[in-house]
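File shown here: input.txt, holding compact mmCIF, C-alpha atoms and all ligand atoms.
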```txt
# COMPACT_ATOMS: atom_id res chain seq x y z
CA MET W 4 81.94 84.89 102.83
CA PHE W 5 82.72 83.40 99.40
CA ILE W 6 85.83 84.68 97.62
CA THR W 7 85.16 82.34 94.70
CA ASN W 8 82.88 79.31 94.42
CA ASP W 9 85.40 77.17 96.26
CA ILE W 10 87.33 79.66 98.38
CA ARG W 11 85.80 80.94 101.60
CA TYR W 12 86.85 83.61 104.04
CA ILE W 13 87.05 82.50 107.67
CA GLY W 14 89.10 85.33 109.20
CA VAL W 15 88.25 87.63 112.11
CA ASP W 16 88.25 91.33 112.96
CA ASP W 17 90.12 92.56 116.02
CA HIS W 18 88.75 95.77 117.52
CA LYS W 19 90.42 95.29 120.88
CA ILE W 20 93.98 95.70 119.67
CA ASP W 21 95.79 98.92 120.59
CA LEU W 22 99.22 98.43 119.00
CA PHE W 23 99.70 96.12 116.02
CA GLU W 24 102.99 94.25 116.26
CA GLY W 25 103.54 96.08 119.54
CA GLN W 26 104.11 99.48 117.91
CA TYR W 27 101.63 100.61 115.24
CA VAL W 28 98.46 102.40 116.36
CA VAL W 29 95.44 100.87 114.65
CA PRO W 30 92.44 103.03 115.55
CA HIS W 31 90.22 101.03 113.21
CA GLY W 32 91.34 97.62 114.37
CA MET W 33 92.93 94.85 112.40
CA ALA W 34 91.77 91.87 110.37
CA TYR W 35 93.46 88.48 110.63
CA ASN W 36 92.53 86.83 107.38
CA SER W 37 92.22 83.11 106.85
CA TYR W 38 90.73 81.12 104.00
CA VAL W 39 89.50 77.64 103.13
CA ILE W 40 89.71 76.01 99.71
CA MET W 41 86.94 73.43 99.30
CA ASP W 42 87.91 70.71 96.85
CA ASP W 43 88.42 66.92 96.83
CA LYS W 44 90.95 67.77 99.49
CA ILE W 45 90.28 70.73 101.75
CA ALA W 46 93.03 73.22 102.55
CA VAL W 47 92.76 75.74 105.38
CA LEU W 48 95.07 78.69 104.88
CA ASP W 49 96.60 80.08 108.09
CA THR W 50 95.06 80.63 111.51
CA VAL W 51 94.55 83.78 113.59
CA ASP W 52 95.51 85.45 116.88
CA ALA W 53 94.74 83.26 119.92
CA GLU W 54 92.24 85.83 121.24
CA PHE W 55 89.97 84.84 118.38
CA LYS W 56 90.47 81.08 118.56
CA LYS W 57 86.84 80.23 119.22
CA GLU W 58 85.46 82.57 116.57
CA TRP W 59 87.91 81.24 114.00
CA LEU W 60 87.27 77.57 114.80
CA ASP W 61 83.52 78.27 114.57
CA ASN W 62 84.00 80.03 111.20
CA LEU W 63 86.03 77.08 110.01
CA GLU W 64 83.50 74.52 111.14
CA LYS W 65 80.71 76.37 109.34
CA ALA W 66 82.72 76.62 106.14
CA LEU W 67 83.56 72.92 106.24
CA GLU W 68 79.87 71.93 106.14
CA GLY W 69 80.48 68.70 108.00
CA ARG W 70 83.67 67.73 106.16
CA LYS W 71 87.16 67.48 107.67
CA PRO W 72 90.15 69.54 106.50
CA ASP W 73 93.05 67.73 104.86
CA TYR W 74 95.67 70.46 105.08
CA LEU W 75 96.58 73.51 107.11
CA VAL W 76 98.81 75.73 105.00
CA VAL W 77 101.07 78.05 107.01
CA HIS W 78 102.24 80.94 104.85
CA HIS W 79 103.70 82.95 107.72
CA MET W 80 104.58 82.15 111.32
CA GLU W 81 104.13 85.48 113.04
CA PRO W 82 101.86 84.76 116.02
CA ASP W 83 98.93 86.80 114.67
CA HIS W 84 98.55 83.99 112.12
CA SER W 85 99.99 80.96 113.86
CA MET W 86 98.75 80.98 117.45
CA VAL W 87 95.89 78.59 116.74
CA ILE W 88 97.87 75.95 114.84
CA GLY W 89 98.04 73.78 117.96
CA ASP W 90 94.28 73.98 118.55
CA PHE W 91 93.62 73.19 114.90
CA VAL W 92 95.87 70.11 115.05
CA ALA W 93 94.23 69.00 118.30
CA ARG W 94 90.78 69.25 116.73
CA TYR W 95 91.74 67.80 113.33
CA PRO W 96 94.63 65.42 114.12
CA GLU W 97 94.54 63.82 110.69
CA ALA W 98 95.15 67.07 108.83
CA VAL W 99 98.62 67.66 107.42
CA VAL W 100 100.40 70.91 108.27
CA VAL W 101 102.08 72.46 105.22
CA GLY W 102 104.78 75.11 105.30
CA SER W 103 108.40 75.99 104.59
CA ILE W 104 111.23 74.41 106.53
CA GLY W 105 111.69 77.78 108.21
CA ALA W 106 108.07 77.77 109.33
CA PHE W 107 108.44 74.36 110.96
CA ASN W 108 111.59 75.47 112.77
CA MET W 109 109.72 78.49 114.09
CA MET W 110 106.82 76.28 115.23
CA LYS W 111 109.22 74.32 117.38
CA ASN W 112 110.68 77.45 118.92
CA LEU W 113 107.36 79.25 119.40
CA TYR W 114 105.06 76.40 120.37
CA GLY W 115 107.42 73.61 121.39
CA ALA W 116 106.27 71.35 118.53
CA ASP W 117 106.50 71.27 114.77
CA PHE W 118 103.31 69.19 114.58
CA ALA W 119 105.04 66.22 112.98
CA PRO W 120 104.20 63.44 112.11
CA ASN W 121 101.65 65.17 109.92
CA LYS W 122 103.86 67.72 108.26
CA LEU W 123 104.65 68.49 104.66
CA VAL W 124 107.60 70.75 103.88
CA MET W 125 107.20 72.90 100.77
CA LYS W 126 109.77 74.92 98.90
CA ASP W 127 109.66 77.43 96.08
CA GLY W 128 107.84 75.94 93.06
CA ASP W 129 106.33 72.95 94.89
CA VAL W 130 102.66 72.28 94.24
CA LEU W 131 99.98 70.96 96.57
CA GLU W 132 97.24 69.17 94.60
CA LEU W 133 93.75 69.49 96.01
CA GLY W 134 91.70 68.15 93.09
CA LYS W 135 90.37 70.86 90.82
CA HIS W 136 92.67 73.34 92.55
CA SER W 137 96.37 73.21 93.10
CA LEU W 138 98.49 75.53 95.19
CA GLN W 139 101.84 76.54 93.80
CA PHE W 140 104.21 77.78 96.48
CA ILE W 141 106.32 80.86 95.98
CA ALA W 142 109.12 81.52 98.45
CA ALA W 143 108.94 85.11 99.67
CA PRO W 144 111.81 85.32 102.16
CA ASN W 145 111.80 88.45 104.31
CA VAL W 146 108.45 89.66 103.07
CA HIS W 147 108.60 90.17 105.87
CA TRP W 148 109.91 87.17 107.83
CA PRO W 149 112.38 84.63 106.39
CA GLU W 150 110.01 81.64 106.40
CA VAL W 151 107.27 83.35 104.37
CA MET W 152 105.75 81.71 101.32
CA PHE W 153 103.02 82.95 99.03
CA SER W 154 100.83 80.47 97.19
CA TYR W 155 98.94 80.70 93.93
CA ASP W 156 95.75 78.91 92.95
CA LYS W 157 95.87 78.61 89.18
CA THR W 158 92.24 77.48 88.87
CA ASP W 159 90.71 80.56 90.48
CA LYS W 160 93.73 82.78 89.72
CA VAL W 161 94.12 83.79 93.35
CA LEU W 162 97.40 84.84 94.94
CA PHE W 163 97.65 84.24 98.69
CA SER W 164 100.25 86.85 99.55
CA ALA W 165 100.89 86.44 103.30
CA ASP W 166 101.41 89.91 104.83
CA ALA W 167 102.17 91.60 101.50
CA PHE W 168 99.35 93.77 100.13
CA GLY W 169 97.82 93.96 103.60
CA LYS W 170 96.71 97.09 105.41
CA PHE W 171 95.78 98.33 108.84
CA GLY W 172 92.08 98.33 109.75
CA ALA W 173 89.40 95.72 110.38
CA LEU W 174 87.37 94.53 107.41
CA ASP W 175 84.11 95.85 108.85
CA TYR W 176 85.59 99.36 108.87
CA GLU W 177 84.93 101.29 105.69
CA ASP W 178 88.10 103.24 105.00
CA GLU W 179 87.07 106.43 103.24
CA GLU W 180 90.68 107.31 102.56
CA GLY W 181 90.92 104.30 100.26
CA TRP W 182 93.37 101.44 100.37
CA ALA W 183 96.69 103.19 99.85
CA CYS W 184 96.90 105.42 102.93
CA GLU W 185 96.88 102.71 105.58
CA ALA W 186 98.44 100.14 103.23
CA ARG W 187 101.41 102.48 102.77
CA ARG W 188 101.87 103.09 106.51
CA TYR W 189 101.64 99.31 106.98
CA TYR W 190 104.06 98.56 104.11
CA PHE W 191 106.82 100.94 105.21
CA GLY W 192 106.47 99.87 108.83
CA ILE W 193 106.51 96.17 108.11
CA CYS W 194 108.29 95.58 104.80
CA GLY W 195 110.12 98.90 104.30
CA LYS W 196 113.51 97.42 105.08
CA PHE W 197 113.05 94.59 102.59
CA GLY W 198 112.57 96.36 99.27
CA GLN W 199 114.86 94.00 97.36
CA ASN W 200 113.00 90.96 98.71
CA VAL W 201 109.70 92.51 97.70
CA GLN W 202 111.12 93.20 94.24
CA ASN W 203 112.23 89.56 93.96
CA VAL W 204 108.81 88.19 94.77
CA LEU W 205 107.04 90.74 92.55
CA LYS W 206 109.15 89.46 89.66
CA LYS W 207 108.02 85.90 90.34
CA CYS W 208 104.39 87.03 90.56
CA ALA W 209 104.64 88.91 87.26
CA ALA W 210 104.61 85.52 85.50
CA LEU W 211 101.23 84.62 87.05
CA ASP W 212 97.76 85.45 85.81
CA ILE W 213 96.27 86.96 88.99
CA GLU W 214 92.64 88.00 89.39
CA LYS W 215 92.52 88.27 93.19
CA ILE W 216 95.04 88.95 95.92
CA CYS W 217 94.20 87.52 99.33
CA ALA W 218 96.52 88.88 102.01
CA LEU W 219 96.63 88.01 105.69
CA HIS W 220 95.38 91.50 106.60
CA GLY W 221 93.10 93.97 104.88
CA PRO W 222 90.58 93.56 102.10
CA ILE W 223 90.62 91.03 99.29
CA LEU W 224 91.89 92.87 96.22
CA SER W 225 90.02 91.96 93.09
CA GLU W 226 89.88 94.89 90.72
CA ASN W 227 92.48 97.06 89.09
CA LEU W 228 95.28 94.89 90.45
CA GLY W 229 97.82 96.85 88.42
CA TYR W 230 97.27 99.76 90.81
CA TYR W 231 98.26 97.76 93.89
CA LEU W 232 101.11 95.94 92.16
CA GLY W 233 102.36 99.27 90.78
CA LEU W 234 102.42 100.87 94.22
CA TYR W 235 104.29 97.89 95.66
CA ASP W 236 106.78 98.22 92.83
CA THR W 237 107.30 101.95 93.53
CA TRP W 238 107.52 101.46 97.28
CA SER W 239 109.92 98.55 97.10
CA LYS W 240 112.21 100.44 94.73
CA TYR W 241 112.25 103.30 97.27
CA GLU W 242 111.07 105.69 94.59
CA PRO W 243 109.08 108.75 95.71
CA GLU W 244 105.40 108.36 94.93
CA GLU W 245 104.55 112.06 94.85
CA LYS W 246 106.17 115.48 94.81
CA GLY W 247 106.19 117.24 98.16
CA VAL W 248 108.09 118.06 101.31
CA THR W 249 107.89 116.12 104.56
CA LEU W 250 108.53 118.69 107.25
CA ALA W 251 109.45 116.78 110.41
CA TYR W 252 110.35 118.68 113.54
CA THR W 253 110.77 118.71 117.27
CA SER W 254 110.41 121.83 119.37
CA VAL W 255 110.79 122.42 123.11
CA TYR W 256 109.43 125.94 123.74
CA GLY W 257 107.93 126.68 120.34
CA ASN W 258 110.76 128.60 118.67
CA THR W 259 111.78 125.80 116.33
CA LYS W 260 108.10 125.19 115.66
CA ASN W 261 107.64 128.86 114.69
CA ALA W 262 110.49 128.59 112.22
CA VAL W 263 109.04 125.39 110.78
CA LEU W 264 105.58 126.93 110.44
CA PHE W 265 107.14 129.90 108.66
CA LEU W 266 108.77 127.50 106.21
CA LYS W 267 105.52 125.63 105.74
CA GLU W 268 103.69 128.84 104.91
CA ALA W 269 106.43 129.93 102.51
CA LEU W 270 106.32 126.58 100.74
CA GLU W 271 102.56 126.56 100.46
CA GLU W 272 102.63 130.10 99.08
CA ARG W 273 104.94 128.69 96.42
CA GLY W 274 102.49 125.89 95.68
CA VAL W 275 104.58 123.13 97.26
CA HIS W 276 102.75 120.31 99.04
CA VAL W 277 103.85 119.94 102.69
CA ALA W 278 103.25 117.12 105.17
CA LEU W 279 103.97 118.44 108.67
CA PHE W 280 104.91 116.25 111.64
CA ASP W 281 105.58 117.13 115.27
CA LEU W 282 107.68 114.09 116.03
CA ALA W 283 106.99 114.25 119.76
CA ARG W 284 103.23 114.17 119.28
CA ASP W 285 102.28 112.75 115.90
CA ASP W 286 102.32 109.10 114.91
CA MET W 287 105.92 108.20 114.05
CA ALA W 288 104.80 105.54 111.53
CA GLU W 289 102.73 108.19 109.73
CA ALA W 290 105.81 110.46 109.53
CA VAL W 291 107.91 107.56 108.20
CA GLU W 292 105.18 106.82 105.64
CA ASP W 293 105.17 110.38 104.28
CA ALA W 294 108.95 110.53 104.27
CA PHE W 295 108.88 107.61 101.83
CA LYS W 296 105.90 108.93 99.89
CA LEU W 297 107.35 112.37 99.11
CA ASP W 298 110.55 113.32 97.31
CA ARG W 299 111.97 115.90 99.72
CA ILE W 300 112.37 116.14 103.48
CA VAL W 301 113.29 118.90 105.92
CA LEU W 302 114.53 117.78 109.32
CA ALA W 303 114.23 120.51 111.96
CA THR W 304 115.27 120.06 115.55
CA THR W 305 116.80 121.54 118.64
CA THR W 306 120.29 120.79 119.80
CA TYR W 307 120.13 118.61 122.88
CA CYS W 308 123.08 117.43 124.98
CA GLY W 309 125.34 118.53 122.13
CA ASP W 310 123.43 116.21 119.82
CA ILE W 311 119.85 115.81 118.49
CA PHE W 312 116.58 116.04 120.38
CA PRO W 313 115.46 112.47 121.24
CA PHE W 314 112.31 112.25 119.08
CA MET W 315 114.26 113.38 116.01
CA LYS W 316 116.93 110.82 116.78
CA ASN W 317 114.25 108.15 117.01
CA PHE W 318 112.73 109.28 113.70
CA LEU W 319 116.09 109.19 111.93
CA HIS W 320 116.78 105.73 113.28
CA CYS W 321 113.35 104.61 112.02
CA LEU W 322 114.21 105.93 108.55
CA GLN W 323 117.62 104.32 108.70
CA GLU W 324 116.34 100.91 109.69
CA HIS W 325 113.70 101.03 106.95
CA ASN W 326 116.34 101.74 104.31
CA TYR W 327 115.42 105.35 103.59
CA GLN W 328 117.11 106.51 100.36
CA ASN W 329 116.78 108.42 97.09
CA ARG W 330 115.47 111.65 98.60
CA LYS W 331 116.51 115.31 98.84
CA VAL W 332 117.26 116.49 102.35
CA ALA W 333 117.59 119.83 104.14
CA PHE W 334 118.21 120.57 107.81
CA MET W 335 117.17 123.20 110.32
CA GLU W 336 118.84 123.41 113.74
CA ASN W 337 118.19 125.55 116.78
CA GLY W 338 120.48 125.83 119.81
CA MET W 339 120.85 128.54 122.42
CA TRP W 340 124.63 128.56 122.71
CA MET W 341 126.10 126.07 120.26
CA PRO W 342 123.72 124.73 117.59
CA SER W 343 125.12 121.36 116.54
CA ALA W 344 122.09 119.25 115.67
CA ILE W 345 122.79 119.29 111.92
CA LYS W 346 126.11 117.57 112.53
CA GLY W 347 124.33 114.89 114.57
CA MET W 348 121.53 114.43 112.00
CA LYS W 349 123.98 114.29 109.13
CA ALA W 350 126.01 111.61 110.90
CA ILE W 351 122.91 109.41 110.62
CA THR W 352 121.72 110.44 107.16
CA ASP W 353 125.25 109.95 105.79
CA THR W 354 124.71 106.22 106.36
CA MET W 355 121.73 106.24 103.94
CA LYS W 356 121.93 105.63 100.21
CA ASN W 357 121.60 108.25 97.51
CA LEU W 358 120.49 111.27 99.51
CA THR W 359 121.06 114.69 97.99
CA TYR W 360 121.69 117.49 100.47
CA LEU W 361 120.32 120.95 99.76
CA GLU W 362 122.57 124.00 100.06
CA ASN W 363 120.40 126.24 102.24
CA ASN W 364 120.22 124.73 105.70
CA VAL W 365 118.94 126.92 108.54
CA THR W 366 120.87 127.53 111.77
CA PHE W 367 119.65 129.79 114.57
CA LYS W 368 119.94 130.51 118.27
CA GLY W 369 116.53 130.95 119.85
CA ALA W 370 113.72 132.90 118.23
CA CYS W 371 112.67 132.87 114.60
CA ASN W 372 113.65 136.51 113.93
CA ASP W 373 113.99 138.34 110.63
CA ALA W 374 117.49 137.04 109.97
CA VAL W 375 116.26 133.48 110.49
CA LYS W 376 113.28 134.13 108.21
CA GLU W 377 115.68 135.23 105.51
CA GLN W 378 117.49 131.89 105.74
CA ILE W 379 114.16 130.07 105.65
CA LEU W 380 113.01 131.89 102.52
CA LYS W 381 116.22 130.87 100.74
CA LEU W 382 115.52 127.26 101.72
CA ALA W 383 111.90 127.61 100.52
CA ASP W 384 113.12 128.86 97.14
CA GLU W 385 115.54 125.97 96.81
CA LEU W 386 112.85 123.45 97.73
CA LYS W 387 110.44 125.05 95.26
CA ALA W 388 113.03 124.84 92.48
CA LEU W 389 113.02 121.05 92.97
CA ASP W 390 109.23 120.79 92.70
FE1 LIG D 401 100.60 89.69 110.05
FE2 LIG D 401 103.83 89.43 109.90
O1 LIG D 401 102.22 89.04 110.65
```

Take the structure in this file and express it as structure tokens.
Ligand code: FEO
Amino acid sequence: MFITNDIRYIGVDDHKIDLFEGQYVVPHGMAYNSYVIMDDKIAVLDTVDAEFKKEWLDNLEKALEGRKPDYLVVHHMEPDHSMVIGDFVARYPEAVVVGSIGAFNMMKNLYGADFAPNKLVMKDGDVLELGKHSLQFIAAPNVHWPEVMFSYDKTDKVLFSADAFGKFGALDYEDEEGWACEARRYYFGICGKFGQNVQNVLKKCAALDIEKICALHGPILSENLGYYLGLYDTWSKYEPEEKGVTLAYTSVYGNTKNAVLFLKEALEERGVHVALFDLARDDMAEAVEDAFKLDRIVLATTTYCGDIFPFMKNFLHCLQEHNYQNRKVAFMENGMWMPSAIKGMKAITDTMKNLTYLENNVTFKGACNDAVKEQILKLADELKALD
């Protein structure tokens, strides 16, 4: 596949994968993208997961049309992009491996070699001349690993953005939901913690004239780039993207669920958008995604061992480790003899930045009776007033 006259796609689709990075469900697979720039000197950009070594080496050989590569550029060392570096070097021993100092240190630790003597260390601002094309390196630390670098080809105006701007899903899967849905789940899972780092690299990229973004996962972005850059700006500033309430709950025998469903109905009657998650059954990464997408959240759970039910605790820790902030929060707790889950939830949310707590939390002991419904309606009114 040609990205431009001189840039070719040599990546692979993975439909065998169950959990990306060991935790994210990817029902539509995953793409490991890799590119070749054909010029006086030839640069290969990143490798793929070892499972696809043969397919990738075949793709590369075809793209090379009988020539030999001069460089292998390593933007990111996570194994889904670096596992075939050794095979590449064995096949093309004269090629020079190009990456950040951090990348070479990781190569030693991961693969027992940093592929010296043919190595070229690049830092922010350095340029690799290929002939007509030149690659300018842009340090992108912690987007999402510390060694990451982007690169920019001024001739074709292409930004190679490592994992940034990627999404879940293989390239041969047509995602009818559009780019943002799975790109958002991917972003908050993978980069969510590193908003400031994403902001820093976005600022550097703002000075570039970009016509295409080539990430290590997901489709090549080539139209309406302001849309994608704008979403990354919103996400990395931790600003809500839309109005609405994430309603995340756990329930043991269905009583907490009944109360939550009553709130959902009351909110929808008031015209408030609700995203509902049963944290024991639904995809946790999807719940985290919507928590960041929407401006309000209600956390509803049972008291358990004097604390919070485990799936809610897990969810709150996920939000905490991804730097959840700038949202409005309400709580619902159920407990047969001593409801105390709000105290436990608040102990975690108190560690997060700029959360505003609502006044009308809901506390009950067992069933969602009329008195409980009255509390819930007060909460629904308060949530509506913030819409
Ligand atoms: Fe796609 Fe961070 O590896």

Next on the checklist: To check your reading of the model: which residues sit at most 8 Å from ligand LIG 401 (chain D) when counting all atoms listed in the file? Write the answer as a PyMOL selection string.
Outcome noted: chain W and resi 24+35+79-84+147-148+165-166+193+219-220

Please, could you write that set of residues out with C-alpha atoms as a PDB file, keeping the file's coordinate frame?
```pdb
ATOM      1  CA  GLU W  24     102.990  94.250 116.260  1.00  0.00           C
ATOM      2  CA  TYR W  35      93.460  88.480 110.630  1.00  0.00           C
ATOM      3  CA  HIS W  79     103.700  82.950 107.720  1.00  0.00           C
ATOM      4  CA  MET W  80     104.580  82.150 111.320  1.00  0.00           C
ATOM      5  CA  GLU W  81     104.130  85.480 113.040  1.00  0.00           C
ATOM      6  CA  PRO W  82     101.860  84.760 116.020  1.00  0.00           C
ATOM      7  CA  ASP W  83      98.930  86.800 114.670  1.00  0.00           C
ATOM      8  CA  HIS W  84      98.550  83.990 112.120  1.00  0.00           C
ATOM      9  CA  HIS W 147     108.600  90.170 105.870  1.00  0.00           C
ATOM     10  CA  TRP W 148     109.910  87.170 107.830  1.00  0.00           C
ATOM     11  CA  ALA W 165     100.890  86.440 103.300  1.00  0.00           C
ATOM     12  CA  ASP W 166     101.410  89.910 104.830  1.00  0.00           C
ATOM     13  CA  ILE W 193     106.510  96.170 108.110  1.00  0.00           C
ATOM     14  CA  LEU W 219      96.630  88.010 105.690  1.00  0.00           C
ATOM     15  CA  HIS W 220      95.380  91.500 106.600  1.00  0.00           C
TER      16      HIS W 220
END
```

Next on the checklist: Can you pull out the residues contacting Ala119 (chain W)? Cut-off 9 Å, using all atoms listed in the file, and skip same-chain residues under 3 positions away; I want them as a VMD selection string.
Outcome noted: chain W and resid 99 to 100 116 122 to 123

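Considering only C-alpha atoms, the residue among W:Leu211, W:Lys57, W:Ser103, W:His325 positioned nearest to Val161 (chain W) is W:Leu211.
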
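The protein and nucleic acid residues lying at most 12 Å from Asp298 (chain W) are W:Tyr241, W:Glu242, W:Pro243, W:Glu244, W:Glu245, W:Lys246, W:Gly247, W:Val248, W:Thr249, W:Leu250, W:Val275, W:His276, W:Val277, W:Ala278, W:Glu292, W:Asp293, W:Tyr327, W:Gln328, W:Asn329, W:Arg330, W:Lys331, W:Val332, W:Ala333, W:Leu358, W:Thr359, W:Leu386, W:Lys387, W:Leu389, W:Asp390, with all atoms listed in the file considered and sequence neighbours fewer than 5 positions away removed.
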
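Proximity ranking of W:Glu362, W:Asp310, W:Asp117, W:Asp175 relative to Lys346 (chain W) places W:Asp310 first, based on only C-alpha atoms.
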
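The residue that comes closest to Val76 (chain W), out of W:Phe55, W:Trp340, W:Phe153, W:Phe5 and on the basis of all atoms listed in the file, is W:Phe153.
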
Checklist entry - Could you work out how far CA of Ser343 (chain W) lies from CA of Tyr252 (chain W), giving the answer in Å with one decimal? => result 15.3 Å

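Computed from the coordinates, the CA of Gly229 (chain W) to CA of Gly169 (chain W) distance equals 15.5 Å.
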
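Excluding Ala344 (chain W) and any residue on its chain fewer than 3 positions from it, the residues at most 8 Å away by only C-alpha atoms are Thr304, Thr305, Thr306, Tyr307, Gly309, Asp310, Ile311, Phe312, Glu336, Asn337, Gly338, Gly347 and Met348 of chain W.
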
Item to check | Selection: 12 Å around Glu58 (chain W), only C-alpha atoms, excl. self and same-chain fewer than 3 positions, as number ranges by chain | outcome: W: 13-17, 35, 37, 50-55, 61-65, 87

Item to check | Residues within 8 Å of region 42-46 of chain W, all atoms listed in the file, excluding chain neighbours under 5 positions, as a ChimeraX atom specification | outcome: /W:9,71-76,133-136

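Among the candidates W:Asp90, W:Asn200, W:Leu279, W:Thr259, the one nearest to Leu297 (chain W) when counting all atoms listed in the file is W:Leu279.
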
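Picture a line from CA of Ile216 (chain W) to CA of Leu162 (chain W); it runs 4.8 Å.
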
With all heavy atoms as the target, complete region 320-326 of chain W and hand it back as a PDB file, keeping the file's coordinate frame.
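So selection.pdb came out as:
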```pdb
ATOM      1  N   HIS W 320     116.463 107.153 113.179  1.00  0.00           N
ATOM      2  CA  HIS W 320     116.780 105.730 113.280  1.00  0.00           C
ATOM      3  C   HIS W 320     115.696 104.878 112.610  1.00  0.00           C
ATOM      4  O   HIS W 320     115.993 103.851 111.992  1.00  0.00           O
ATOM      5  CB  HIS W 320     116.988 105.319 114.735  1.00  0.00           C
ATOM      6  CG  HIS W 320     118.318 105.774 115.272  1.00  0.00           C
ATOM      7  ND1 HIS W 320     118.525 106.133 116.580  1.00  0.00           N
ATOM      8  CD2 HIS W 320     119.516 105.962 114.647  1.00  0.00           C
ATOM      9  CE1 HIS W 320     119.791 106.497 116.748  1.00  0.00           C
ATOM     10  NE2 HIS W 320     120.412 106.418 115.594  1.00  0.00           N
ATOM     11  N   CYS W 321     114.438 105.328 112.730  1.00  0.00           N
ATOM     12  CA  CYS W 321     113.350 104.610 112.020  1.00  0.00           C
ATOM     13  C   CYS W 321     113.588 104.650 110.517  1.00  0.00           C
ATOM     14  O   CYS W 321     113.452 103.634 109.829  1.00  0.00           O
ATOM     15  CB  CYS W 321     111.991 105.255 112.305  1.00  0.00           C
ATOM     16  SG  CYS W 321     111.301 104.820 113.879  1.00  0.00           S
ATOM     17  N   LEU W 322     113.946 105.825 109.998  1.00  0.00           N
ATOM     18  CA  LEU W 322     114.210 105.930 108.550  1.00  0.00           C
ATOM     19  C   LEU W 322     115.390 105.036 108.165  1.00  0.00           C
ATOM     20  O   LEU W 322     115.348 104.317 107.165  1.00  0.00           O
ATOM     21  CB  LEU W 322     114.517 107.375 108.165  1.00  0.00           C
ATOM     22  CG  LEU W 322     113.367 108.386 108.295  1.00  0.00           C
ATOM     23  CD1 LEU W 322     113.837 109.771 107.861  1.00  0.00           C
ATOM     24  CD2 LEU W 322     112.161 107.967 107.448  1.00  0.00           C
ATOM     25  N   GLN W 323     116.414 105.105 108.986  1.00  0.00           N
ATOM     26  CA  GLN W 323     117.620 104.320 108.700  1.00  0.00           C
ATOM     27  C   GLN W 323     117.324 102.826 108.661  1.00  0.00           C
ATOM     28  O   GLN W 323     117.713 102.119 107.730  1.00  0.00           O
ATOM     29  CB  GLN W 323     118.652 104.632 109.786  1.00  0.00           C
ATOM     30  CG  GLN W 323     120.021 104.054 109.588  1.00  0.00           C
ATOM     31  CD  GLN W 323     120.882 104.361 110.809  1.00  0.00           C
ATOM     32  OE1 GLN W 323     120.445 104.248 111.956  1.00  0.00           O
ATOM     33  NE2 GLN W 323     122.102 104.787 110.566  1.00  0.00           N
ATOM     34  N   GLU W 324     116.569 102.365 109.656  1.00  0.00           N
ATOM     35  CA  GLU W 324     116.340 100.910 109.690  1.00  0.00           C
ATOM     36  C   GLU W 324     115.347 100.459 108.625  1.00  0.00           C
ATOM     37  O   GLU W 324     115.273  99.282 108.296  1.00  0.00           O
ATOM     38  CB  GLU W 324     115.933 100.449 111.097  1.00  0.00           C
ATOM     39  CG  GLU W 324     114.559 100.825 111.543  1.00  0.00           C
ATOM     40  CD  GLU W 324     114.361 100.658 113.049  1.00  0.00           C
ATOM     41  OE1 GLU W 324     115.366 100.439 113.762  1.00  0.00           O
ATOM     42  OE2 GLU W 324     113.222 100.755 113.497  1.00  0.00           O
ATOM     43  N   HIS W 325     114.604 101.408 108.037  1.00  0.00           N
ATOM     44  CA  HIS W 325     113.700 101.030 106.950  1.00  0.00           C
ATOM     45  C   HIS W 325     114.301 101.345 105.576  1.00  0.00           C
ATOM     46  O   HIS W 325     113.601 101.391 104.582  1.00  0.00           O
ATOM     47  CB  HIS W 325     112.339 101.726 107.128  1.00  0.00           C
ATOM     48  CG  HIS W 325     111.573 101.156 108.296  1.00  0.00           C
ATOM     49  ND1 HIS W 325     111.702 101.654 109.570  1.00  0.00           N
ATOM     50  CD2 HIS W 325     110.744 100.105 108.389  1.00  0.00           C
ATOM     51  CE1 HIS W 325     110.948 100.933 110.394  1.00  0.00           C
ATOM     52  NE2 HIS W 325     110.362  99.987 109.705  1.00  0.00           N
ATOM     53  N   ASN W 326     115.610 101.590 105.573  1.00  0.00           N
ATOM     54  CA  ASN W 326     116.340 101.740 104.310  1.00  0.00           C
ATOM     55  C   ASN W 326     115.989 103.001 103.540  1.00  0.00           C
ATOM     56  O   ASN W 326     115.929 102.993 102.297  1.00  0.00           O
ATOM     57  CB  ASN W 326     116.079 100.524 103.409  1.00  0.00           C
ATOM     58  CG  ASN W 326     117.306  99.665 103.316  1.00  0.00           C
ATOM     59  OD1 ASN W 326     118.422 100.155 103.476  1.00  0.00           O
ATOM     60  ND2 ASN W 326     117.103  98.389 103.056  1.00  0.00           N
TER      61      ASN W 326
END
```
